[in-house]
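Peer 1: Hey, dropping final_23.txt in here, compact mmCIF, C-alpha atoms:
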# COMPACT_ATOMS: atom_id res chain seq x y z
CA MET A 19 -90.92 74.05 23.98
CA HIS A 20 -88.44 73.36 26.76
CA HIS A 21 -86.38 70.61 25.19
CA GLN A 22 -83.20 72.65 25.71
CA TYR A 23 -83.57 72.42 29.50
CA HIS A 24 -82.14 69.57 31.54
CA SER A 25 -83.61 70.74 34.85
CA PRO A 26 -86.99 72.25 35.81
CA VAL A 27 -87.25 75.92 34.92
CA SER A 28 -89.67 78.83 34.77
CA GLU A 29 -88.89 81.34 32.06
CA ARG A 30 -91.51 83.73 33.48
CA LEU A 31 -89.88 83.70 36.91
CA GLY A 32 -86.31 83.24 35.68
CA LEU A 33 -85.83 80.20 37.94
CA ALA A 34 -83.88 76.97 37.53
CA PHE A 35 -84.64 74.29 40.11
CA VAL A 36 -82.04 71.84 41.41
CA HIS A 37 -84.41 69.00 42.32
CA ILE A 38 -82.86 66.88 45.07
CA PRO A 39 -84.73 63.56 45.45
CA LYS A 40 -87.03 63.13 48.48
CA ASN A 41 -87.16 66.86 49.24
CA ALA A 42 -90.72 67.67 48.05
CA GLY A 43 -89.38 68.50 44.60
CA THR A 44 -92.36 67.12 42.68
CA ALA A 45 -94.68 69.39 44.68
CA VAL A 46 -92.44 72.40 44.04
CA VAL A 47 -92.36 71.71 40.29
CA GLU A 48 -96.14 71.50 40.17
CA ALA A 49 -96.71 74.53 42.40
CA LEU A 50 -94.51 76.77 40.26
CA GLY A 51 -95.48 75.27 36.91
CA LEU A 52 -91.89 74.33 36.12
CA SER A 53 -90.98 72.32 33.04
CA PRO A 54 -89.63 69.68 32.63
CA HIS A 55 -89.45 67.33 35.61
CA GLY A 56 -86.15 65.68 36.43
CA HIS A 57 -83.02 65.64 38.56
CA CYS A 58 -79.85 67.46 37.56
CA LYS A 59 -76.83 68.25 39.73
CA ALA A 60 -75.71 71.87 39.76
CA SER A 61 -72.13 70.83 38.97
CA SER A 62 -73.13 68.91 35.84
CA PRO A 63 -72.57 70.15 32.28
CA GLU A 64 -76.30 69.60 31.71
CA PHE A 65 -77.23 72.09 34.42
CA ARG A 66 -74.75 74.63 33.11
CA ARG A 67 -76.44 74.27 29.72
CA THR A 68 -79.81 74.77 31.40
CA LEU A 69 -78.64 78.04 32.97
CA ALA A 70 -77.13 79.22 29.69
CA ALA A 71 -80.31 78.41 27.73
CA LEU A 72 -82.53 80.02 30.35
CA GLY A 73 -80.31 83.09 30.52
CA ALA A 74 -80.51 83.52 26.76
CA ARG A 75 -84.31 83.30 26.88
CA ILE A 76 -84.79 85.83 29.70
CA SER A 77 -81.96 88.28 28.93
CA PRO A 78 -81.14 90.82 30.28
CA ARG A 79 -82.32 89.18 33.51
CA ARG A 80 -80.05 86.62 35.12
CA PRO A 81 -81.40 83.16 35.98
CA ARG A 82 -81.67 82.18 39.64
CA ALA A 83 -80.88 78.65 40.77
CA PHE A 84 -82.63 77.32 43.87
CA ALA A 85 -82.99 74.06 45.80
CA PHE A 86 -84.75 72.57 48.81
CA VAL A 87 -82.77 70.63 51.42
CA ARG A 88 -84.00 68.40 54.23
CA ASP A 89 -82.91 67.12 57.62
CA PRO A 90 -80.68 64.11 56.79
CA TYR A 91 -82.31 61.89 59.43
CA ASP A 92 -85.79 62.45 57.99
CA ARG A 93 -84.66 62.17 54.38
CA PHE A 94 -83.01 58.81 55.13
CA LEU A 95 -86.27 57.33 56.49
CA SER A 96 -88.24 58.87 53.63
CA ALA A 97 -85.93 57.20 51.11
CA PHE A 98 -86.27 53.87 52.91
CA ARG A 99 -90.06 54.03 52.80
CA TYR A 100 -90.10 55.24 49.21
CA LEU A 101 -87.83 52.56 47.83
CA ARG A 102 -90.07 49.91 49.42
CA MET A 103 -93.26 51.23 47.82
CA LYS A 104 -94.93 49.37 44.95
CA ARG A 105 -96.82 52.50 43.92
CA SER A 106 -95.86 56.17 44.05
CA HIS A 107 -96.64 59.26 42.01
CA TRP A 108 -93.99 58.20 39.47
CA HIS A 109 -93.40 54.48 39.94
CA SER A 110 -95.56 51.35 39.99
CA ASP A 111 -95.55 47.71 38.93
CA ASP A 112 -98.74 47.83 36.84
CA GLY A 113 -97.90 50.27 34.05
CA SER A 114 -100.22 52.99 35.35
CA THR A 115 -97.45 55.51 36.10
CA ALA A 116 -94.78 57.21 34.05
CA TYR A 117 -92.11 54.75 35.21
CA GLY A 118 -91.91 51.17 36.40
CA LEU A 119 -90.56 50.09 39.74
CA LEU A 120 -87.22 51.54 40.74
CA PRO A 121 -84.34 49.07 40.35
CA GLU A 122 -83.58 49.41 44.08
CA HIS A 123 -87.10 48.27 44.99
CA ALA A 124 -86.24 44.57 44.84
CA ILE A 125 -83.30 45.12 47.19
CA VAL A 126 -84.86 47.50 49.70
CA GLY A 127 -88.29 45.89 49.59
CA ALA A 128 -86.80 42.63 50.84
CA MET A 129 -85.09 44.24 53.81
CA ARG A 130 -86.35 43.42 57.28
CA GLY A 131 -85.73 46.81 58.81
CA VAL A 132 -83.90 50.11 58.99
CA ASP A 133 -80.60 48.56 60.07
CA GLU A 134 -80.33 46.56 56.84
CA PHE A 135 -81.01 49.72 54.86
CA ALA A 136 -78.36 51.54 56.88
CA ASP A 137 -75.81 48.82 56.11
CA TRP A 138 -76.69 49.01 52.39
CA VAL A 139 -76.27 52.80 52.34
CA MET A 140 -72.98 52.53 54.21
CA ALA A 141 -71.72 49.98 51.68
CA LEU A 142 -72.58 52.38 48.87
CA PHE A 143 -70.73 55.15 50.71
CA VAL A 144 -67.62 53.07 51.36
CA SER A 145 -67.52 51.99 47.71
CA GLY A 146 -67.86 55.60 46.52
CA ARG A 147 -71.22 54.95 44.85
CA VAL A 148 -73.66 56.64 47.23
CA ASP A 149 -73.96 59.79 45.11
CA SER A 150 -74.88 57.65 42.10
CA ALA A 151 -77.92 56.18 43.89
CA HIS A 152 -79.85 59.39 43.78
CA HIS A 153 -82.55 58.68 46.40
CA VAL A 154 -79.83 58.16 49.01
CA SER A 155 -77.23 60.51 47.56
CA ARG A 156 -75.74 63.27 49.67
CA GLN A 157 -77.58 66.54 49.15
CA VAL A 158 -74.32 68.42 48.71
CA SER A 159 -73.72 66.31 45.59
CA TYR A 160 -76.59 68.28 44.00
CA THR A 161 -75.82 71.75 45.35
CA HIS A 162 -72.03 71.96 45.71
CA ASP A 163 -68.92 71.54 43.57
CA PRO A 164 -67.35 68.10 44.12
CA ARG A 165 -64.04 69.22 42.65
CA ASP A 166 -63.12 70.99 45.89
CA GLY A 167 -64.65 68.48 48.28
CA HIS A 168 -68.07 70.17 48.15
CA ALA A 169 -66.73 73.37 49.71
CA THR A 170 -68.28 75.66 47.08
CA ARG A 171 -72.03 76.01 46.83
CA LEU A 172 -73.24 76.35 43.26
CA VAL A 173 -76.92 77.02 44.01
CA GLY A 174 -77.76 80.61 44.84
CA GLU A 175 -80.83 80.07 46.99
CA VAL A 176 -81.27 77.09 49.32
CA TYR A 177 -84.40 76.58 51.42
CA ARG A 178 -84.98 74.11 54.25
CA LEU A 179 -88.01 71.89 53.85
CA GLU A 180 -88.73 72.08 57.57
CA ASP A 181 -89.42 75.81 57.29
CA GLY A 182 -92.43 75.02 55.09
CA VAL A 183 -92.62 74.78 51.32
CA GLY A 184 -95.23 77.52 51.05
CA THR A 185 -93.21 79.91 53.21
CA ALA A 186 -90.06 79.21 51.20
CA LEU A 187 -91.79 79.71 47.87
CA ALA A 188 -93.26 83.00 49.09
CA ALA A 189 -89.74 84.15 49.96
CA LEU A 190 -88.44 82.89 46.62
CA LEU A 191 -91.13 84.59 44.56
CA GLY A 192 -91.26 87.85 46.47
CA SER A 193 -93.27 90.32 44.42
CA ASP A 194 -93.35 87.97 41.39
CA GLY A 195 -96.43 86.16 42.61
CA ASP A 196 -97.99 83.59 44.87
CA ALA A 197 -97.54 79.86 44.39
CA GLY A 198 -100.79 79.26 46.24
CA ALA A 199 -101.44 76.00 48.05
CA VAL A 200 -98.62 73.51 47.60
CA PRO A 201 -99.84 69.99 46.84
CA VAL A 202 -98.38 66.93 48.56
CA LEU A 203 -97.10 64.77 45.71
CA ASN A 204 -94.87 61.70 45.51
CA ALA A 205 -94.86 61.33 49.27
CA SER A 206 -93.21 58.34 50.92
CA SER A 207 -95.68 56.14 52.75
CA GLY A 208 -96.20 52.59 53.89
CA ALA A 209 -96.71 50.42 56.91
CA GLY A 210 -94.02 49.66 59.42
CA GLY A 211 -93.77 52.76 61.57
CA TRP A 212 -90.04 52.84 60.90
CA VAL A 213 -87.90 54.90 63.26
CA HIS A 214 -84.19 55.37 63.67
CA THR A 215 -81.99 52.93 65.54
CA ARG A 216 -78.57 53.55 67.00
CA ARG A 217 -77.05 51.94 63.89
CA SER A 218 -79.08 54.00 61.42
CA ARG A 219 -78.27 57.25 63.22
CA GLU A 220 -74.57 56.40 63.12
CA VAL A 221 -74.77 55.74 59.39
CA VAL A 222 -76.69 58.95 58.70
CA GLU A 223 -74.15 60.96 60.69
CA THR A 224 -71.25 59.34 58.83
CA VAL A 225 -72.57 59.28 55.28
CA TYR A 226 -74.31 62.66 55.38
CA ARG A 227 -71.87 64.60 57.54
CA ALA A 228 -71.31 67.08 54.71
CA ASP A 229 -75.07 67.75 54.54
CA PHE A 230 -75.27 68.46 58.27
CA GLU A 231 -72.38 70.89 57.97
CA ALA A 232 -73.41 72.58 54.72
CA PHE A 233 -77.03 73.21 55.65
CA GLY A 234 -76.76 73.77 59.40
CA TYR A 235 -78.69 70.73 60.62
CA PRO A 236 -77.80 69.59 64.16
CA MET A 237 -76.91 66.03 64.96
CA ARG A 238 -79.33 64.55 67.47
CA GLN A 239 -78.16 63.38 70.85
CA GLY A 240 -79.08 59.90 72.06
For this file, write the structure as structure tokens.
Peer 2:
Amino acid sequence: MHHQYHSPVSERLGLAFVHIPKNAGTAVVEALGLSPHGHCKASSPEFRRTLAALGARISPRRPRAFAFVRDPYDRFLSAFRYLRMKRSHWHSDDGSTAYGLLPEHAIVGAMRGVDEFADWVMALFVSGRVDSAHHVSRQVSYTHDPRDGHATRLVGEVYRLEDGVGTALAALLGSDGDAGAVPVLNASSGAGGWVHTRRSREVVETVYRADFEAFGYPMRQG
């Protein structure tokens, strides 16, 4: 039973996963056999309880917290595509998945393009609500302490999605084992061939500046 955990864990591996939305987290959970699914910020009381419960179960080992991060430009487009989808691994409108359509679907699905999405995200940012809309939240809101302006990282091991999930999991596991082939789950898809515009790049660079700085992603020129 894992009801005491508020974030995906592996007692065997001593791992607690900070699952940031749209960063291949569902695939990571499945590849490592973590339980349960779900999103939990490292600064939250729930995640602290997860670490305490896991630590008690695996003592005298210490639990390790890890997360995957992603290039903010790519994550922005992935979130746009995902919020427009009528069917994903988790969400659908026909009752065949664990959850119904996301509440943002009606808003984002009606948008005519990336610029409208960029304006919506910017409005959330200006109003101070962007980190409450978890598919477009800043990644630092999951990995860092907001009490000091996200200067302190609370997750011990952070891996970049662009380096390859399999490669990262091999580094994470070390001699503890092999995750094997990593499935592609809950991917964002859909027609449209959406690409960035000048407006969307400006919004990404403004809203997610802390992510660029915290995780070493370069801002693109032009």
Peer 1: For the atom pair atom CA of His152 of chain A and atom CA of Pro81 of chain A, what is the interatomic distance in Å to one decimal place?
Peer 2: 25.1 Å
Peer 1: Measure the distance from atom CA of Arg227 of chain A to atom CA of Arg165 of chain A in Å and round it to one decimal.
Peer 2: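 That distance, rounded to one decimal, is 17.4 Å.
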Peer 1: Find the residues near Glu29 of chain A: any atom within 9 Å, counting all atoms listed in the file, skip ones fewer than 2 places away on the same chain, and give them as a count of residues only.
Peer 2: 11
Peer 1: Using only C-alpha atoms, determine which residues lie at most 12 Å from Glu134 of chain A, disregarding the query and same-chain residues fewer than 3 positions distant; provide the list as an mmCIF file with C-alpha atoms, keeping the file's coordinate frame.
Peer 2:
data_model
loop_
_atom_site.group_PDB
_atom_site.id
_atom_site.type_symbol
_atom_site.label_atom_id
_atom_site.label_comp_id
_atom_site.auth_asym_id
_atom_site.auth_seq_id
_atom_site.Cartn_x
_atom_site.Cartn_y
_atom_site.Cartn_z
ATOM 1 C CA PHE A 98 -86.270 53.870 52.910
ATOM 2 C CA ILE A 125 -83.300 45.120 47.190
ATOM 3 C CA VAL A 126 -84.860 47.500 49.700
ATOM 4 C CA GLY A 127 -88.290 45.890 49.590
ATOM 5 C CA ALA A 128 -86.800 42.630 50.840
ATOM 6 C CA MET A 129 -85.090 44.240 53.810
ATOM 7 C CA ARG A 130 -86.350 43.420 57.280
ATOM 8 C CA GLY A 131 -85.730 46.810 58.810
ATOM 9 C CA ASP A 137 -75.810 48.820 56.110
ATOM 10 C CA TRP A 138 -76.690 49.010 52.390
ATOM 11 C CA VAL A 139 -76.270 52.800 52.340
ATOM 12 C CA MET A 140 -72.980 52.530 54.210
ATOM 13 C CA ALA A 141 -71.720 49.980 51.680
ATOM 14 C CA HIS A 214 -84.190 55.370 63.670
ATOM 15 C CA THR A 215 -81.990 52.930 65.540
ATOM 16 C CA ARG A 217 -77.050 51.940 63.890
ATOM 17 C CA SER A 218 -79.080 54.000 61.420
ATOM 18 C CA VAL A 221 -74.770 55.740 59.390
#
Peer 1: Identify the residues within 12 Å of coordinate (-70.1, 70.0, 44.2) (same frame as the file), considering only C-alpha atoms, and give the answer as a CSV table (one decimal) with C-alpha atoms, in the frame of the given file.
Peer 2:
chain,number,residue,atom,x,y,z
A,59,LYS,CA,-76.8,68.2,39.7
A,60,ALA,CA,-75.7,71.9,39.8
A,61,SER,CA,-72.1,70.8,39.0
A,62,SER,CA,-73.1,68.9,35.8
A,149,ASP,CA,-74.0,59.8,45.1
A,156,ARG,CA,-75.7,63.3,49.7
A,157,GLN,CA,-77.6,66.5,49.2
A,158,VAL,CA,-74.3,68.4,48.7
A,159,SER,CA,-73.7,66.3,45.6
A,160,TYR,CA,-76.6,68.3,44.0
A,161,THR,CA,-75.8,71.8,45.4
A,162,HIS,CA,-72.0,72.0,45.7
A,163,ASP,CA,-68.9,71.5,43.6
A,164,PRO,CA,-67.4,68.1,44.1
A,165,ARG,CA,-64.0,69.2,42.6
A,166,ASP,CA,-63.1,71.0,45.9
A,167,GLY,CA,-64.6,68.5,48.3
A,168,HIS,CA,-68.1,70.2,48.2
A,169,ALA,CA,-66.7,73.4,49.7
A,170,THR,CA,-68.3,75.7,47.1
A,171,ARG,CA,-72.0,76.0,46.8
A,172,LEU,CA,-73.2,76.4,43.3
A,173,VAL,CA,-76.9,77.0,44.0
A,228,ALA,CA,-71.3,67.1,54.7
A,229,ASP,CA,-75.1,67.8,54.5
A,232,ALA,CA,-73.4,72.6,54.7
Peer 1: For atom CA of Arg216 of chain A and atom CA of Phe135 of chain A, quote the distance in Å rounded to one decimal.
Peer 2: 13.0 Å
Peer 1: Go through A:Ala97, A:Ser25, A:Glu64, A:Pro54 and flag the residue nearest Pro39 of chain A, using only C-alpha atoms for the distances.
Peer 2: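 Checking each of A:Ala97, A:Ser25, A:Glu64, A:Pro54 against Pro39 of chain A, counting only C-alpha atoms, the winner is A:Ala97.
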Peer 1: Given all atoms listed in the file as the basis, pick out the residue of A:Arg79, A:Arg88, A:His123, A:His153 nearest to Phe230 of chain A.
Peer 2: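 Looking at the shortest contact to Phe230 of chain A, the residue is A:Arg88.
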Peer 1: Ranking A:Gly56, A:Pro90, A:Gly211, A:Gly51 by minimum distance to Glu180 of chain A and counting all atoms listed in the file, which one comes first?
Peer 2: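 Closest candidate: A:Pro90.
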Peer 1: List every protein, DNA or RNA residue that has at least one atom no more than 9 Å from (-86.0, 55.3, 50.8) in the file's coordinates, counting only C-alpha atoms, and write the result as an MDAnalysis selection string.
Peer 2: chainID A and resid 40 93:103 126 135 153:154 206
Peer 1: Kindly list the centre and edge lengths in Å, rounded to one decimal, for the axis-aligned box that covers all listed atoms of segment 164-175 of chain A plus 4 Å on each of its six sides, as JSON.
Peer 2:
{"center_x": -72.0, "center_y": 74.4, "center_z": 46.2, "size_x": 25.7, "size_y": 20.5, "size_z": 15.1}
Peer 1: Return the single residue from A:Tyr177, A:Phe84, A:His37, A:Val144 that is closest to Thr224 of chain A, with distances computed using all atoms listed in the file.
Peer 2: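 Closest to Thr224 of chain A of all the choices is A:Val144.
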Peer 1: Which of these residues is nearest to Pro63 of chain A, using all atoms listed in the file: A:Tyr23, A:Phe35, A:Phe233, A:Tyr91?
Peer 2: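 Among the listed residues, A:Tyr23 lies closest to Pro63 of chain A.
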Peer 1: Compare A:Val87, A:Gly43, A:Arg66, A:Arg82 by their minimum atom-to-atom distance to Leu191 of chain A, counting only C-alpha atoms, and give me the closest one.
Peer 2: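 Distance minimum relative to Leu191 of chain A lands on A:Arg82.
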